[in-house]
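J.: Here it is, the structure in full.
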Amino acid sequence: MDGNGDAMTVGIWTFAFDGKEIGEVRAAAREAEALGFAALWFGEYRGREAFTQAAVLLEATASLPVATGIARFSERSPAAAEAAGRTLAEAYPGRFTLGLGGHRPGGGGSAMREYLDAMDAADLDFPADPGSRPRRLLAALGPKMLKLAATRTDGAHTYFVPPEHTAFARETMGPDAYLAVEQAVVLDADPLRARQIAREHVGGYVRLAPHQRANLLRLGYTEADLADGASDRLVDAIVAYRGEQEVADRVRAHLDAGANHVCVQVLVDGPEIPVDGWRRLAPLVL
């Protein structure tokens with residue numbers, strides 16, 4: 001991502017690093033950098049700790065920005081998150097973005113607000129240089145979290161959203177907040193397999209992620225769209241899979257709707273890091 005947040009850029013988003021040998025992860029990061037992507041995002045779920053993995057990726061590359069998408073706030077204290085983020089920002093100036101989020105039962109926006117308060121109040125011995133703090137983005141979908149992101153952090157990281165949500169997020173946050181949007185794509189040449197990969201991706205979130213279901217309903221999708229593993233309409237809205245031109249057009253649609261940055265998640269039929277897909281993606285979107 002650019003240093004001032006003004007340019008519109010495209011990066012990579014992946015869950016595929018978990019379970020892979022660290023050498024393979026380092027090599028994939030160097031490939032993303034060599035291809036010219038503006039940032040490398042990764043999720044935190046059941047694999048490596050987010051800040052430690054970010055350090056591995058930053059060390060493996062020369063100038064590639066790295067972002068957590070997201071570091072789960074339930075997994076570490078506010079002081080630990082603040083200290084880790086400042087350490088990476090100090091060691092790799094301008095290259096680390098802290099995407100922060102997650103879910104606590106009954107917590108909602110108030111839990112995140114309290115967490116941010118505690119991060120800001122952490123009694124840490126760091127240089128006074130403002131550059132020692134990373135860009136901080138919140139995982140946000142609904143209006144309350146988007147407004148919190150705009151007022152308390154540098155902006156929002158949205159996931160599993162169509163371009164109409166990007167327009168809604170921009171309108172909600174105003175013109176100055178940074179907006180980084182994830183977009184899933186499939187680049188499989190077999191149209192039937194591509195559609196199946198897209199459907200499995202959407203169906204998993206529809207079944208298991210209540211916050212994503214709520215967001216889709218808020219956008220005007222119906223319970224019928226969420227039933228039986230997701231409707232064709234919903235699959236088409238969330239994943240670009242009908243060819244290279246659709247992929248390029250979908251990324252452009254998010255940028256035109258107000259995104260500063262689009263991080264593209266290349267979906268494949270298997271657990272491998274989709275480096276081949278990144279190579280095909282680069283000339284389409286950069």
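Chain labels A, B, ... are given in the sequence in which chains occur in the structure tokens; within each chain residues are numbered consecutively from 1, and ligands are likewise numbered from 1 in the order shown.
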Tell me, as a PyMOL selection string, which residues lie within 8 Å of Leu148 in chain A, counting only C-alpha atoms; anything in the same chain fewer than 4 positions away does not count.

T.: chain A and resi 109+113+144+152-153

J.: Please produce a file of the residues just selected, as a CSV table (one decimal), in the first residue's frame, where the atoms kept are N, CA and C atoms.

T.:
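Once written, out.csv looks like this:
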chain,number,residue,atom,x,y,z
A,109,GLY,N,-19.4,-3.6,18.7
A,109,GLY,CA,-18.5,-2.5,18.6
A,109,GLY,C,-17.9,-2.0,19.9
A,113,ARG,N,-14.1,-0.9,20.7
A,113,ARG,CA,-13.8,0.4,21.2
A,113,ARG,C,-12.9,0.4,22.5
A,144,LYS,N,-22.1,0.9,12.1
A,144,LYS,CA,-21.4,1.2,13.4
A,144,LYS,C,-19.9,1.0,13.4
A,152,ARG,N,-11.8,6.2,14.8
A,152,ARG,CA,-10.8,5.8,15.7
A,152,ARG,C,-9.5,5.2,15.1
A,153,THR,N,-9.6,4.9,13.8
A,153,THR,CA,-8.4,4.3,13.2
A,153,THR,C,-8.2,4.9,11.8

J.: For Ala89 in chain A, find every residue with an atom within 6 Å (counting only C-alpha atoms), except residues of its own chain fewer than 3 positions away, and show them as a list of chain:residue names.

T.: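 After dropping sequence-adjacent residues, the list is A:Arg86, A:Tyr92, A:Pro93, A:Phe96, A:Ser132, A:Arg133, A:Pro134.
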
J.: Please indicate the distance in Å from CA of Ala83 in chain A to CA of Met8 in chain A, rounded to one decimal place.

T.: 29.2 Å

J.: In range 62-226 of chain A, what's alpha helix (DSSP H) per DSSP? Answer as a PyMOL selection string?

T.: chain A and resi 78-91+108-121+143-152+163-173+191-208+210-218+223-226

J.: Determine, counting only C-alpha atoms, which protein, DNA and RNA residues have an atom within 7 Å of an atom of range 184-197 of chain A; residues of the same chain fewer than 6 positions away are not included. Present the result as a list in words.

T.: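 Here the qualifying residues turn out to be Ile238, Val239, Ala240, Tyr241, Arg242, Gly243, Glu244, Val247, Val264, Gln265, Val266, Leu267, Val268, Asp269 and Gly277 of chain A.
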
J.: Take the residues that were just selected and, keeping N, CA, C and O atoms, output them as a PDB file, in the first residue's frame.

T.:
ATOM      1  N   ILE A 238     -20.195 -12.242  -5.156  1.00  0.00           N
ATOM      2  CA  ILE A 238     -19.063 -12.289  -4.231  1.00  0.00           C
ATOM      3  C   ILE A 238     -17.778 -12.707  -4.925  1.00  0.00           C
ATOM      4  O   ILE A 238     -16.683 -12.224  -4.577  1.00  0.00           O
ATOM      5  N   VAL A 239     -17.842 -13.599  -5.888  1.00  0.00           N
ATOM      6  CA  VAL A 239     -16.638 -14.135  -6.535  1.00  0.00           C
ATOM      7  C   VAL A 239     -16.670 -13.815  -8.029  1.00  0.00           C
ATOM      8  O   VAL A 239     -17.674 -14.043  -8.697  1.00  0.00           O
ATOM      9  N   ALA A 240     -15.554 -13.306  -8.529  1.00  0.00           N
ATOM     10  CA  ALA A 240     -15.393 -13.120  -9.980  1.00  0.00           C
ATOM     11  C   ALA A 240     -14.721 -14.377 -10.531  1.00  0.00           C
ATOM     12  O   ALA A 240     -13.582 -14.686 -10.177  1.00  0.00           O
ATOM     13  N   TYR A 241     -15.418 -15.110 -11.392  1.00  0.00           N
ATOM     14  CA  TYR A 241     -14.897 -16.413 -11.826  1.00  0.00           C
ATOM     15  C   TYR A 241     -15.188 -16.727 -13.293  1.00  0.00           C
ATOM     16  O   TYR A 241     -14.815 -17.781 -13.800  1.00  0.00           O
ATOM     17  N   ARG A 242     -15.829 -15.830 -14.000  1.00  0.00           N
ATOM     18  CA  ARG A 242     -16.264 -16.133 -15.365  1.00  0.00           C
ATOM     19  C   ARG A 242     -15.238 -15.759 -16.430  1.00  0.00           C
ATOM     20  O   ARG A 242     -15.557 -15.736 -17.606  1.00  0.00           O
ATOM     21  N   GLY A 243     -14.028 -15.484 -16.027  1.00  0.00           N
ATOM     22  CA  GLY A 243     -12.999 -15.172 -17.010  1.00  0.00           C
ATOM     23  C   GLY A 243     -12.155 -13.992 -16.568  1.00  0.00           C
ATOM     24  O   GLY A 243     -12.475 -13.277 -15.616  1.00  0.00           O
ATOM     25  N   GLU A 244     -11.054 -13.806 -17.273  1.00  0.00           N
ATOM     26  CA  GLU A 244     -10.093 -12.792 -16.876  1.00  0.00           C
ATOM     27  C   GLU A 244     -10.668 -11.387 -16.955  1.00  0.00           C
ATOM     28  O   GLU A 244     -10.367 -10.543 -16.102  1.00  0.00           O
ATOM     29  N   VAL A 247     -12.651 -10.596 -13.875  1.00  0.00           N
ATOM     30  CA  VAL A 247     -11.777 -10.341 -12.739  1.00  0.00           C
ATOM     31  C   VAL A 247     -11.288  -8.899 -12.765  1.00  0.00           C
ATOM     32  O   VAL A 247     -11.357  -8.168 -11.760  1.00  0.00           O
ATOM     33  N   VAL A 264      -6.716  -9.054  -3.653  1.00  0.00           N
ATOM     34  CA  VAL A 264      -7.398 -10.117  -4.391  1.00  0.00           C
ATOM     35  C   VAL A 264      -7.022 -11.476  -3.821  1.00  0.00           C
ATOM     36  O   VAL A 264      -5.842 -11.810  -3.706  1.00  0.00           O
ATOM     37  N   GLN A 265      -8.030 -12.255  -3.483  1.00  0.00           N
ATOM     38  CA  GLN A 265      -7.830 -13.620  -2.998  1.00  0.00           C
ATOM     39  C   GLN A 265      -8.096 -14.584  -4.161  1.00  0.00           C
ATOM     40  O   GLN A 265      -9.233 -14.733  -4.608  1.00  0.00           O
ATOM     41  N   VAL A 266      -7.038 -15.236  -4.629  1.00  0.00           N
ATOM     42  CA  VAL A 266      -7.173 -16.204  -5.717  1.00  0.00           C
ATOM     43  C   VAL A 266      -7.549 -17.550  -5.109  1.00  0.00           C
ATOM     44  O   VAL A 266      -6.777 -18.139  -4.337  1.00  0.00           O
ATOM     45  N   LEU A 267      -8.720 -18.043  -5.438  1.00  0.00           N
ATOM     46  CA  LEU A 267      -9.214 -19.322  -4.926  1.00  0.00           C
ATOM     47  C   LEU A 267      -8.810 -20.442  -5.877  1.00  0.00           C
ATOM     48  O   LEU A 267      -8.902 -20.285  -7.096  1.00  0.00           O
ATOM     49  N   VAL A 268      -8.388 -21.573  -5.298  1.00  0.00           N
ATOM     50  CA  VAL A 268      -8.022 -22.729  -6.109  1.00  0.00           C
ATOM     51  C   VAL A 268      -8.619 -23.980  -5.492  1.00  0.00           C
ATOM     52  O   VAL A 268      -9.040 -23.988  -4.335  1.00  0.00           O
ATOM     53  N   ASP A 269      -8.636 -25.051  -6.270  1.00  0.00           N
ATOM     54  CA  ASP A 269      -9.164 -26.335  -5.816  1.00  0.00           C
ATOM     55  C   ASP A 269      -8.045 -27.136  -5.178  1.00  0.00           C
ATOM     56  O   ASP A 269      -7.495 -28.057  -5.775  1.00  0.00           O
ATOM     57  N   GLY A 277      -1.705 -18.642  -9.843  1.00  0.00           N
ATOM     58  CA  GLY A 277      -2.816 -17.722 -10.024  1.00  0.00           C
ATOM     59  C   GLY A 277      -2.387 -16.272  -9.884  1.00  0.00           C
ATOM     60  O   GLY A 277      -2.879 -15.393 -10.601  1.00  0.00           O
TER      61      GLY A 277
END

J.: If I take CA of Val66 in chain A and CA of Leu40 in chain A, how far is one from the other in Å, to one decimal?

T.: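 These two atoms are separated by 4.9 Å.
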